[in-house]
$ cat final_32.pdb   # PDB, C-alpha atoms, pLDDT in the B column
ATOM      1  CA  MET A   1      41.099  43.349  -5.038  1.00 71.00           C
ATOM      2  CA  ALA A   2      43.807  43.295  -2.364  1.00 91.00           C
ATOM      3  CA  LEU A   3      46.944  45.382  -2.872  1.00 95.00           C
ATOM      4  CA  LEU A   4      49.256  42.462  -2.039  1.00 96.00           C
ATOM      5  CA  GLU A   5      48.357  38.802  -2.450  1.00 96.00           C
ATOM      6  CA  VAL A   6      50.591  35.944  -1.316  1.00 96.00           C
ATOM      7  CA  ASN A   7      49.291  32.607  -2.599  1.00 96.00           C
ATOM      8  CA  ASN A   8      50.504  29.179  -1.472  1.00 96.00           C
ATOM      9  CA  LEU A   9      54.078  30.392  -1.207  1.00 95.00           C
ATOM     10  CA  LYS A  10      56.733  27.724  -0.790  1.00 95.00           C
ATOM     11  CA  LYS A  11      60.518  28.035  -0.542  1.00 94.00           C
ATOM     12  CA  ILE A  12      62.918  25.106  -0.372  1.00 92.00           C
ATOM     13  CA  TYR A  13      66.676  25.616  -0.122  1.00 87.00           C
ATOM     14  CA  THR A  14      69.041  22.895  -1.300  1.00 82.00           C
ATOM     15  CA  THR A  15      72.718  22.808  -0.391  1.00 72.00           C
ATOM     16  CA  ARG A  16      75.499  22.760  -2.941  1.00 69.00           C
ATOM     17  CA  PHE A  17      76.833  19.442  -1.654  1.00 67.00           C
ATOM     18  CA  GLY A  18      73.577  17.511  -1.761  1.00 64.00           C
ATOM     19  CA  GLY A  19      72.551  17.792   1.861  1.00 70.00           C
ATOM     20  CA  ASN A  20      68.981  17.582   3.072  1.00 79.00           C
ATOM     21  CA  PRO A  21      66.740  20.285   1.592  1.00 85.00           C
ATOM     22  CA  VAL A  22      65.421  22.910   4.001  1.00 86.00           C
ATOM     23  CA  GLN A  23      61.827  24.064   3.663  1.00 89.00           C
ATOM     24  CA  ALA A  24      61.868  27.739   4.673  1.00 91.00           C
ATOM     25  CA  LEU A  25      58.230  28.426   3.722  1.00 93.00           C
ATOM     26  CA  SER A  26      55.259  26.084   3.381  1.00 93.00           C
ATOM     27  CA  ASN A  27      52.039  27.138   1.602  1.00 92.00           C
ATOM     28  CA  VAL A  28      51.916  30.651   3.060  1.00 95.00           C
ATOM     29  CA  THR A  29      48.772  32.497   1.975  1.00 96.00           C
ATOM     30  CA  PHE A  30      47.500  35.944   2.986  1.00 96.00           C
ATOM     31  CA  SER A  31      46.506  39.294   1.525  1.00 96.00           C
ATOM     32  CA  ILE A  32      47.037  42.918   2.510  1.00 96.00           C
ATOM     33  CA  GLU A  33      44.652  45.726   1.640  1.00 96.00           C
ATOM     34  CA  GLN A  34      45.600  49.237   0.580  1.00 96.00           C
ATOM     35  CA  GLY A  35      46.394  51.335   3.665  1.00 96.00           C
ATOM     36  CA  GLU A  36      47.008  48.432   6.051  1.00 97.00           C
ATOM     37  CA  TYR A  37      49.887  48.354   8.547  1.00 97.00           C
ATOM     38  CA  VAL A  38      50.998  44.749   9.029  1.00 97.00           C
ATOM     39  CA  ALA A  39      53.811  43.254  11.105  1.00 97.00           C
ATOM     40  CA  ILE A  40      55.344  39.807  10.699  1.00 96.00           C
ATOM     41  CA  MET A  41      56.867  38.140  13.763  1.00 95.00           C
ATOM     42  CA  GLY A  42      58.609  34.848  14.408  1.00 88.00           C
ATOM     43  CA  GLU A  43      61.705  33.329  15.920  1.00 84.00           C
ATOM     44  CA  SER A  44      65.033  33.411  14.060  1.00 82.00           C
ATOM     45  CA  GLY A  45      64.848  30.822  11.296  1.00 83.00           C
ATOM     46  CA  SER A  46      61.052  30.849  11.196  1.00 87.00           C
ATOM     47  CA  GLY A  47      60.964  32.048   7.574  1.00 89.00           C
ATOM     48  CA  LYS A  48      59.861  35.658   8.043  1.00 91.00           C
ATOM     49  CA  THR A  49      62.924  37.197   6.376  1.00 90.00           C
ATOM     50  CA  THR A  50      62.672  34.710   3.503  1.00 92.00           C
ATOM     51  CA  LEU A  51      59.043  35.754   3.084  1.00 94.00           C
ATOM     52  CA  LEU A  52      59.963  39.449   3.013  1.00 93.00           C
ATOM     53  CA  ASN A  53      62.756  38.827   0.512  1.00 92.00           C
ATOM     54  CA  ILE A  54      60.360  37.057  -1.855  1.00 94.00           C
ATOM     55  CA  ILE A  55      57.769  39.834  -1.552  1.00 94.00           C
ATOM     56  CA  ALA A  56      60.569  42.331  -2.264  1.00 92.00           C
ATOM     57  CA  ALA A  57      61.571  40.291  -5.355  1.00 90.00           C
ATOM     58  CA  PHE A  58      65.070  39.724  -3.946  1.00 90.00           C
ATOM     59  CA  ASP A  59      64.441  35.972  -4.004  1.00 91.00           C
ATOM     60  CA  LYS A  60      62.303  33.555  -6.014  1.00 91.00           C
ATOM     61  CA  PRO A  61      59.895  31.075  -4.417  1.00 94.00           C
ATOM     62  CA  THR A  62      59.973  27.356  -5.146  1.00 94.00           C
ATOM     63  CA  GLY A  63      56.204  27.460  -5.604  1.00 95.00           C
ATOM     64  CA  GLY A  64      53.250  29.809  -5.295  1.00 95.00           C
ATOM     65  CA  ASP A  65      52.837  33.407  -6.353  1.00 96.00           C
ATOM     66  CA  VAL A  66      53.058  37.004  -5.134  1.00 96.00           C
ATOM     67  CA  LEU A  67      50.873  39.655  -6.757  1.00 95.00           C
ATOM     68  CA  LEU A  68      51.004  43.417  -6.286  1.00 94.00           C
ATOM     69  CA  ASN A  69      47.911  45.140  -7.690  1.00 92.00           C
ATOM     70  CA  GLY A  70      47.112  41.903  -9.497  1.00 91.00           C
ATOM     71  CA  ARG A  71      50.497  41.645 -11.210  1.00 92.00           C
ATOM     72  CA  SER A  72      52.713  38.642 -10.502  1.00 94.00           C
ATOM     73  CA  ILE A  73      56.164  39.519  -9.189  1.00 93.00           C
ATOM     74  CA  VAL A  74      57.326  35.913  -9.465  1.00 92.00           C
ATOM     75  CA  THR A  75      57.049  35.663 -13.262  1.00 91.00           C
ATOM     76  CA  MET A  76      58.892  38.906 -14.029  1.00 90.00           C
ATOM     77  CA  SER A  77      62.267  38.938 -15.749  1.00 89.00           C
ATOM     78  CA  GLU A  78      65.270  40.377 -13.896  1.00 84.00           C
ATOM     79  CA  ARG A  79      65.071  43.541 -15.982  1.00 84.00           C
ATOM     80  CA  GLU A  80      61.367  43.964 -15.214  1.00 89.00           C
ATOM     81  CA  ILE A  81      61.930  43.300 -11.507  1.00 90.00           C
ATOM     82  CA  SER A  82      64.474  46.116 -11.114  1.00 87.00           C
ATOM     83  CA  ALA A  83      62.128  48.713 -12.577  1.00 86.00           C
ATOM     84  CA  PHE A  84      59.086  47.289 -10.790  1.00 89.00           C
ATOM     85  CA  ARG A  85      60.863  47.285  -7.428  1.00 88.00           C
ATOM     86  CA  ARG A  86      62.079  50.858  -7.915  1.00 86.00           C
ATOM     87  CA  ASP A  87      58.652  52.148  -8.982  1.00 87.00           C
ATOM     88  CA  ASN A  88      56.414  50.282  -6.543  1.00 92.00           C
ATOM     89  CA  LEU A  89      58.320  49.277  -3.416  1.00 93.00           C
ATOM     90  CA  GLY A  90      59.946  51.385  -0.709  1.00 93.00           C
ATOM     91  CA  PHE A  91      62.539  49.819   1.584  1.00 92.00           C
ATOM     92  CA  VAL A  92      63.593  50.578   5.156  1.00 92.00           C
ATOM     93  CA  PHE A  93      66.384  48.365   6.498  1.00 87.00           C
ATOM     94  CA  GLN A  94      67.869  47.826   9.950  1.00 84.00           C
ATOM     95  CA  ASP A  95      71.321  48.975   8.819  1.00 85.00           C
ATOM     96  CA  PHE A  96      69.924  51.934   6.800  1.00 87.00           C
ATOM     97  CA  ASN A  97      71.803  50.992   3.555  1.00 90.00           C
ATOM     98  CA  LEU A  98      73.030  54.551   2.992  1.00 93.00           C
ATOM     99  CA  LEU A  99      76.066  55.447   0.890  1.00 94.00           C
ATOM    100  CA  ASP A 100      78.660  57.277   3.012  1.00 94.00           C
ATOM    101  CA  THR A 101      80.109  59.059  -0.032  1.00 95.00           C
ATOM    102  CA  PHE A 102      76.695  60.582  -0.841  1.00 96.00           C
ATOM    103  CA  SER A 103      75.094  63.419   1.076  1.00 96.00           C
ATOM    104  CA  ILE A 104      71.801  62.816   2.876  1.00 96.00           C
ATOM    105  CA  GLU A 105      70.045  64.604   0.017  1.00 96.00           C
ATOM    106  CA  ASP A 106      71.752  62.513  -2.667  1.00 96.00           C
ATOM    107  CA  ASN A 107      70.982  59.274  -0.807  1.00 96.00           C
ATOM    108  CA  ILE A 108      67.293  60.218  -0.854  1.00 96.00           C
ATOM    109  CA  PHE A 109      67.435  61.241  -4.510  1.00 96.00           C
ATOM    110  CA  LEU A 110      69.134  58.026  -5.661  1.00 93.00           C
ATOM    111  CA  PRO A 111      66.045  55.980  -6.692  1.00 91.00           C
ATOM    112  CA  LEU A 112      64.682  58.974  -8.621  1.00 92.00           C
ATOM    113  CA  VAL A 113      68.038  59.497 -10.356  1.00 92.00           C
ATOM    114  CA  LEU A 114      67.936  55.847 -11.430  1.00 88.00           C
ATOM    115  CA  ALA A 115      64.386  56.435 -12.697  1.00 87.00           C
ATOM    116  CA  GLY A 116      65.597  59.381 -14.815  1.00 90.00           C
ATOM    117  CA  LYS A 117      63.638  62.104 -12.986  1.00 92.00           C
ATOM    118  CA  SER A 118      64.629  65.764 -13.360  1.00 94.00           C
ATOM    119  CA  TYR A 119      66.291  67.673 -10.525  1.00 91.00           C
ATOM    120  CA  ASP A 120      63.278  69.992 -10.248  1.00 94.00           C
ATOM    121  CA  GLU A 121      60.898  67.062  -9.776  1.00 94.00           C
ATOM    122  CA  MET A 122      63.221  65.422  -7.256  1.00 95.00           C
ATOM    123  CA  ASN A 123      63.566  68.648  -5.290  1.00 93.00           C
ATOM    124  CA  ASN A 124      59.818  69.273  -5.308  1.00 94.00           C
ATOM    125  CA  ARG A 125      59.186  65.773  -3.968  1.00 94.00           C
ATOM    126  CA  LEU A 126      61.893  66.059  -1.323  1.00 95.00           C
ATOM    127  CA  LYS A 127      60.881  69.342   0.311  1.00 94.00           C
ATOM    128  CA  PRO A 128      57.601  68.238   1.975  1.00 93.00           C
ATOM    129  CA  ILE A 129      59.038  64.850   2.957  1.00 94.00           C
ATOM    130  CA  ALA A 130      62.167  66.344   4.512  1.00 94.00           C
ATOM    131  CA  ARG A 131      60.049  68.855   6.385  1.00 92.00           C
ATOM    132  CA  LYS A 132      57.713  66.165   7.698  1.00 90.00           C
ATOM    133  CA  LEU A 133      60.592  63.913   8.786  1.00 91.00           C
ATOM    134  CA  GLU A 134      62.471  66.887  10.280  1.00 91.00           C
ATOM    135  CA  ILE A 135      65.653  66.301   8.284  1.00 94.00           C
ATOM    136  CA  ASP A 136      65.577  69.435   6.141  1.00 93.00           C
ATOM    137  CA  ASP A 137      68.471  70.894   8.164  1.00 94.00           C
ATOM    138  CA  ILE A 138      70.829  67.935   7.533  1.00 96.00           C
ATOM    139  CA  LEU A 139      70.340  67.383   3.798  1.00 96.00           C
ATOM    140  CA  LYS A 140      73.866  68.579   2.922  1.00 96.00           C
ATOM    141  CA  LYS A 141      75.513  66.442   5.601  1.00 96.00           C
ATOM    142  CA  TYR A 142      76.829  62.905   5.122  1.00 96.00           C
ATOM    143  CA  PRO A 143      75.583  59.739   6.858  1.00 95.00           C
ATOM    144  CA  TYR A 144      78.659  59.536   9.110  1.00 95.00           C
ATOM    145  CA  GLU A 145      77.857  63.028  10.417  1.00 96.00           C
ATOM    146  CA  VAL A 146      74.335  62.276  11.696  1.00 95.00           C
ATOM    147  CA  SER A 147      72.722  60.087  14.361  1.00 93.00           C
ATOM    148  CA  GLY A 148      71.197  56.647  13.889  1.00 91.00           C
ATOM    149  CA  GLY A 149      67.716  58.105  14.170  1.00 91.00           C
ATOM    150  CA  GLN A 150      68.502  60.674  11.479  1.00 93.00           C
ATOM    151  CA  LYS A 151      69.919  57.929   9.246  1.00 93.00           C
ATOM    152  CA  GLN A 152      66.693  55.965   9.616  1.00 91.00           C
ATOM    153  CA  ARG A 153      64.632  59.073   8.828  1.00 92.00           C
ATOM    154  CA  THR A 154      66.776  59.460   5.712  1.00 95.00           C
ATOM    155  CA  ALA A 155      66.009  55.859   4.764  1.00 93.00           C
ATOM    156  CA  ILE A 156      62.284  56.509   5.250  1.00 93.00           C
ATOM    157  CA  ALA A 157      62.523  59.630   3.077  1.00 94.00           C
ATOM    158  CA  ARG A 158      64.272  57.598   0.374  1.00 94.00           C
ATOM    159  CA  ALA A 159      61.457  55.024   0.573  1.00 93.00           C
ATOM    160  CA  LEU A 160      58.676  57.614   0.453  1.00 93.00           C
ATOM    161  CA  ILE A 161      60.073  59.789  -2.336  1.00 94.00           C
ATOM    162  CA  THR A 162      59.235  57.182  -4.991  1.00 92.00           C
ATOM    163  CA  LYS A 163      55.569  57.214  -3.898  1.00 92.00           C
ATOM    164  CA  PRO A 164      55.594  53.430  -3.390  1.00 94.00           C
ATOM    165  CA  GLN A 165      52.583  51.139  -3.338  1.00 94.00           C
ATOM    166  CA  ILE A 166      53.951  49.526  -0.177  1.00 96.00           C
ATOM    167  CA  ILE A 167      56.823  50.115   2.253  1.00 96.00           C
ATOM    168  CA  LEU A 168      58.723  46.986   3.268  1.00 95.00           C
ATOM    169  CA  ALA A 169      60.570  47.435   6.558  1.00 94.00           C
ATOM    170  CA  ASP A 170      63.079  44.854   7.827  1.00 92.00           C
ATOM    171  CA  GLU A 171      63.750  45.288  11.578  1.00 91.00           C
ATOM    172  CA  PRO A 172      63.556  49.101  11.210  1.00 91.00           C
ATOM    173  CA  THR A 173      64.144  49.742  14.934  1.00 90.00           C
ATOM    174  CA  GLY A 174      66.891  47.126  15.312  1.00 87.00           C
ATOM    175  CA  ALA A 175      69.837  49.560  15.234  1.00 84.00           C
ATOM    176  CA  LEU A 176      68.137  52.380  17.151  1.00 88.00           C
ATOM    177  CA  ASP A 177      68.050  53.322  20.826  1.00 89.00           C
ATOM    178  CA  SER A 178      64.719  53.447  22.651  1.00 90.00           C
ATOM    179  CA  ARG A 179      64.119  57.140  21.986  1.00 89.00           C
ATOM    180  CA  ALA A 180      64.890  56.927  18.262  1.00 89.00           C
ATOM    181  CA  SER A 181      62.782  53.756  18.030  1.00 91.00           C
ATOM    182  CA  ALA A 182      59.804  55.520  19.593  1.00 92.00           C
ATOM    183  CA  GLU A 183      60.198  58.430  17.156  1.00 91.00           C
ATOM    184  CA  LEU A 184      60.391  56.038  14.189  1.00 91.00           C
ATOM    185  CA  LEU A 185      57.260  54.162  15.261  1.00 93.00           C
ATOM    186  CA  LYS A 186      55.411  57.448  15.675  1.00 92.00           C
ATOM    187  CA  LEU A 187      56.440  58.384  12.128  1.00 92.00           C
ATOM    188  CA  PHE A 188      55.217  55.033  10.799  1.00 94.00           C
ATOM    189  CA  ASP A 189      51.875  55.638  12.545  1.00 94.00           C
ATOM    190  CA  GLU A 190      51.573  59.059  10.899  1.00 93.00           C
ATOM    191  CA  ILE A 191      52.591  57.782   7.470  1.00 94.00           C
ATOM    192  CA  ASN A 192      50.124  54.903   7.705  1.00 95.00           C
ATOM    193  CA  ASN A 193      47.334  57.226   8.866  1.00 95.00           C
ATOM    194  CA  GLU A 194      47.917  59.220   5.668  1.00 94.00           C
ATOM    195  CA  GLY A 195      47.232  56.059   3.644  1.00 94.00           C
ATOM    196  CA  GLN A 196      50.651  54.477   3.157  1.00 95.00           C
ATOM    197  CA  THR A 197      50.652  50.669   3.262  1.00 97.00           C
ATOM    198  CA  ILE A 198      53.399  49.213   5.470  1.00 97.00           C
ATOM    199  CA  LEU A 199      54.648  45.638   5.873  1.00 97.00           C
ATOM    200  CA  MET A 200      57.219  45.253   8.631  1.00 96.00           C
ATOM    201  CA  VAL A 201      59.284  42.287   9.814  1.00 95.00           C
ATOM    202  CA  THR A 202      60.329  42.692  13.436  1.00 94.00           C
ATOM    203  CA  HIS A 203      61.428  40.899  16.595  1.00 92.00           C
ATOM    204  CA  SER A 204      60.255  43.874  18.646  1.00 94.00           C
ATOM    205  CA  ILE A 205      56.931  43.495  20.435  1.00 95.00           C
ATOM    206  CA  ARG A 206      56.870  47.267  20.898  1.00 94.00           C
ATOM    207  CA  ALA A 207      57.240  47.841  17.159  1.00 95.00           C
ATOM    208  CA  ALA A 208      54.654  45.192  16.264  1.00 96.00           C
ATOM    209  CA  SER A 209      52.145  46.654  18.732  1.00 96.00           C
ATOM    210  CA  HIS A 210      51.856  49.713  16.473  1.00 95.00           C
ATOM    211  CA  ALA A 211      50.672  47.599  13.535  1.00 96.00           C
ATOM    212  CA  LYS A 212      46.988  47.018  12.848  1.00 96.00           C
ATOM    213  CA  ARG A 213      47.535  43.323  12.168  1.00 97.00           C
ATOM    214  CA  VAL A 214      50.289  40.930  13.198  1.00 97.00           C
ATOM    215  CA  PHE A 215      51.169  37.655  11.459  1.00 95.00           C
ATOM    216  CA  PHE A 216      53.105  35.008  13.352  1.00 95.00           C
ATOM    217  CA  ILE A 217      55.341  32.673  11.330  1.00 93.00           C
ATOM    218  CA  LYS A 218      56.493  29.372  12.812  1.00 90.00           C
ATOM    219  CA  ASP A 219      58.544  26.733  10.984  1.00 89.00           C
ATOM    220  CA  GLY A 220      57.772  28.347   7.644  1.00 91.00           C
ATOM    221  CA  GLU A 221      54.005  28.430   8.142  1.00 92.00           C
ATOM    222  CA  LEU A 222      51.568  31.239   8.852  1.00 91.00           C
ATOM    223  CA  PHE A 223      50.691  30.085  12.353  1.00 89.00           C
ATOM    224  CA  HIS A 224      48.436  32.775  13.839  1.00 91.00           C
ATOM    225  CA  GLN A 225      47.335  36.374  13.403  1.00 94.00           C
ATOM    226  CA  ILE A 226      46.014  39.179  15.590  1.00 95.00           C
ATOM    227  CA  TYR A 227      43.899  42.147  14.544  1.00 95.00           C
ATOM    228  CA  LYS A 228      44.380  45.304  16.589  1.00 95.00           C
ATOM    229  CA  ALA A 229      40.846  46.605  16.002  1.00 93.00           C
ATOM    230  CA  SER A 230      39.941  48.791  18.987  1.00 93.00           C
ATOM    231  CA  MET A 231      42.888  47.738  21.165  1.00 94.00           C
ATOM    232  CA  THR A 232      45.353  50.350  22.375  1.00 91.00           C
ATOM    233  CA  SER A 233      49.050  49.850  21.606  1.00 89.00           C
ATOM    234  CA  GLU A 234      49.576  48.741  25.213  1.00 92.00           C
ATOM    235  CA  GLU A 235      46.768  46.182  24.961  1.00 95.00           C
ATOM    236  CA  MET A 236      48.169  45.023  21.629  1.00 96.00           C
ATOM    237  CA  TYR A 237      51.625  44.728  23.224  1.00 96.00           C
ATOM    238  CA  GLN A 238      50.260  42.406  25.896  1.00 96.00           C
ATOM    239  CA  LYS A 239      48.278  40.360  23.360  1.00 95.00           C
ATOM    240  CA  ILE A 240      51.383  39.882  21.200  1.00 96.00           C
ATOM    241  CA  SER A 241      53.494  38.968  24.219  1.00 95.00           C
ATOM    242  CA  ASP A 242      50.928  36.392  25.355  1.00 93.00           C
ATOM    243  CA  THR A 243      50.659  34.962  21.847  1.00 91.00           C
ATOM    244  CA  LEU A 244      54.439  34.582  21.489  1.00 90.00           C
ATOM    245  CA  THR A 245      54.506  32.747  24.810  1.00 89.00           C
ATOM    246  CA  MET A 246      51.701  30.420  23.724  1.00 85.00           C
ATOM    247  CA  ILE A 247      53.362  29.755  20.370  1.00 84.00           C
ATOM    248  CA  ALA A 248      56.642  28.912  22.101  1.00 81.00           C
ATOM    249  CA  THR A 249      54.802  26.361  24.254  1.00 81.00           C
ATOM    250  CA  GLY A 250      52.675  24.984  21.410  1.00 74.00           C
ATOM    251  CA  GLY A 251      49.436  26.396  22.793  1.00 64.00           C
ATOM    252  CA  VAL A 252      47.880  28.239  19.849  1.00 56.00           C
ATOM    253  CA  ARG A 253      46.996  27.689  16.218  1.00 58.00           C
ATOM    254  CA  ASN A 254      45.758  30.028  13.528  1.00 51.00           C
ATOM    255  CA  GLU A 255      42.043  30.714  13.854  1.00 49.00           C
TER     256      GLU A 255
END
$ encode --input "final_32.pdb" --output "structure tokens"
Amino acid sequence: MALLEVNNLKKIYTTRFGGNPVQALSNVTFSIEQGEYVAIMGESGSGKTTLLNIIAAFDKPTGGDVLLNGRSIVTMSEREISAFRRDNLGFVFQDFNLLDTFSIEDNIFLPLVLAGKSYDEMNNRLKPIARKLEIDDILKKYPYEVSGGQKQRTAIARALITKPQIILADEPTGALDSRASAELLKLFDEINNEGQTILMVTHSIRAASHAKRVFFIKDGELFHQIYKASMTSEEMYQKISDTLTMIATGGVRNE
């Protein structure tokens, strides 16, 4: 059984004043296995962020289903969703979503505090993660005192500390310079190689070239996909670039 299953997902938005409905997603179907590293690409307005928001249980689909480990996210109550999201999903956002009034350490601890974990358990979980992400020397600082790259490492630590089934990353390199982006992508490679499943939405060809599979969304539909297989990241980069060009000119369909 796949870790994540997306079945015939549809999302239609209607305006408050009775305007024409907008179909953001149309019968999107795919699955992701445990340990995969998948990127989703598409132009602005293609539906990729809507798709991520539904998978993250931030939004409800108009039709279809999303299952994590065989359990439907779509049919959960709001109370169930909050606990399920906290216990199973890790999030890494473009703008970090850190609280400036909390220290780096407390920002990382927050989901475990909400889950009612003891300080000893939280501290024991944090130590190896902070060491791996090289943020153990800034734990007592505040977000406004550290760099963008360190903020993103903090966000990754916060995602990992809950031991999530899957990490959902929304444009994780979008607010970073080239050096910090390269460091983040290297970290994602390492985390994935240790078995962590990652699903990332990105505009960045460089970021997507690190994934092992890339989905392309166009006009709300799953339009094409590429498997990395034995390709290097540079070869994958070129393949993605060529595919985006072909999609823009109407020259490729999903195989």
$ resolve_selection --input "final_32.pdb" --expression "the PyMOL selection byres ((chain A and resi 215-220) around 7)" --output "NGL selection string"
:A and (24-26 or 39-42 or 46-48 or 213-214 or 221-226)
$ write_last_selection --input "final_32.pdb" --atoms "C-alpha atoms" --output "PDB file, keeping the file's coordinate frame"
ATOM      1  CA  ALA A  24      61.868  27.739   4.673  1.00 91.00           C
ATOM      2  CA  LEU A  25      58.230  28.426   3.722  1.00 93.00           C
ATOM      3  CA  SER A  26      55.259  26.084   3.381  1.00 93.00           C
ATOM      4  CA  ALA A  39      53.811  43.254  11.105  1.00 97.00           C
ATOM      5  CA  ILE A  40      55.344  39.807  10.699  1.00 96.00           C
ATOM      6  CA  MET A  41      56.867  38.140  13.763  1.00 95.00           C
ATOM      7  CA  GLY A  42      58.609  34.848  14.408  1.00 88.00           C
ATOM      8  CA  SER A  46      61.052  30.849  11.196  1.00 87.00           C
ATOM      9  CA  GLY A  47      60.964  32.048   7.574  1.00 89.00           C
ATOM     10  CA  LYS A  48      59.861  35.658   8.043  1.00 91.00           C
ATOM     11  CA  ARG A 213      47.535  43.323  12.168  1.00 97.00           C
ATOM     12  CA  VAL A 214      50.289  40.930  13.198  1.00 97.00           C
ATOM     13  CA  GLU A 221      54.005  28.430   8.142  1.00 92.00           C
ATOM     14  CA  LEU A 222      51.568  31.239   8.852  1.00 91.00           C
ATOM     15  CA  PHE A 223      50.691  30.085  12.353  1.00 89.00           C
ATOM     16  CA  HIS A 224      48.436  32.775  13.839  1.00 91.00           C
ATOM     17  CA  GLN A 225      47.335  36.374  13.403  1.00 94.00           C
ATOM     18  CA  ILE A 226      46.014  39.179  15.590  1.00 95.00           C
TER      19      ILE A 226
END
$ atom_distance --input "final_32.pdb" --atom1 "atom CA of Tyr13 of chain A" --atom2 "atom CA of Ile81 of chain A"
21.6 Å
$ residues_around --input "final_32.pdb" --residues "Ala229 of chain A" --least-positions-apart "6" --cutoff "12 Å" --atoms "only C-alpha atoms" --output "list in words"
Glu36, Tyr37, Ser209, His210, Ala211, Lys212, Arg213, Val214, Glu235 and Met236 of chain A
$ residues_around --input "final_32.pdb" --residues "segment 55-72 of chain A" --least-positions-apart "5" --cutoff "7 Å" --atoms "only C-alpha atoms" --output "PyMOL selection string"
chain A and resi 2-12+81
$ atom_distance --input "final_32.pdb" --atom1 "atom CA of Ile108 of chain A" --atom2 "atom CA of Met122 of chain A"
9.2 Å
$ decode --input "final_32.pdb" --residues "segment 182-199 of chain A" --atoms "N, CA and C atoms" --output "short mmCIF file (atom, residue, chain, number, x, y, z; two decimals), in the first residue's frame"
data_model
loop_
_atom_site.label_atom_id
_atom_site.label_comp_id
_atom_site.auth_asym_id
_atom_site.auth_seq_id
_atom_site.Cartn_x
_atom_site.Cartn_y
_atom_site.Cartn_z
N ALA A 182 21.32 25.93 -1.69
CA ALA A 182 22.12 24.73 -1.94
C ALA A 182 22.27 23.91 -0.67
N GLU A 183 22.47 24.58 0.47
CA GLU A 183 22.61 23.88 1.75
C GLU A 183 21.30 23.18 2.13
N LEU A 184 20.17 23.87 1.90
CA LEU A 184 18.87 23.28 2.21
C LEU A 184 18.63 22.03 1.37
N LEU A 185 18.92 22.12 0.07
CA LEU A 185 18.69 20.98 -0.82
C LEU A 185 19.59 19.80 -0.46
N LYS A 186 20.80 20.10 -0.02
CA LYS A 186 21.69 19.03 0.45
C LYS A 186 21.10 18.36 1.69
N LEU A 187 20.53 19.16 2.58
CA LEU A 187 19.89 18.60 3.78
C LEU A 187 18.70 17.72 3.41
N PHE A 188 17.88 18.19 2.47
CA PHE A 188 16.74 17.39 2.03
C PHE A 188 17.22 16.05 1.44
N ASP A 189 18.30 16.09 0.67
CA ASP A 189 18.86 14.85 0.12
C ASP A 189 19.24 13.89 1.25
N GLU A 190 19.91 14.41 2.27
CA GLU A 190 20.37 13.58 3.39
C GLU A 190 19.17 13.01 4.16
N ILE A 191 18.19 13.87 4.41
CA ILE A 191 17.01 13.44 5.17
C ILE A 191 16.25 12.36 4.39
N ASN A 192 16.12 12.57 3.09
CA ASN A 192 15.43 11.57 2.26
C ASN A 192 16.21 10.27 2.21
N ASN A 193 17.53 10.35 2.11
CA ASN A 193 18.36 9.14 2.08
C ASN A 193 18.25 8.33 3.37
N GLU A 194 17.85 8.99 4.45
CA GLU A 194 17.65 8.29 5.73
C GLU A 194 16.24 7.72 5.83
N GLY A 195 15.42 7.93 4.78
CA GLY A 195 14.10 7.30 4.74
C GLY A 195 12.91 8.24 4.87
N GLN A 196 13.17 9.55 5.04
CA GLN A 196 12.06 10.48 5.19
C GLN A 196 11.40 10.78 3.84
N THR A 197 10.08 10.65 3.79
CA THR A 197 9.31 10.97 2.59
C THR A 197 9.12 12.47 2.50
N ILE A 198 9.35 13.03 1.30
CA ILE A 198 9.24 14.47 1.10
C ILE A 198 8.38 14.75 -0.14
N LEU A 199 7.44 15.69 0.01
CA LEU A 199 6.66 16.19 -1.12
C LEU A 199 6.84 17.70 -1.16
#
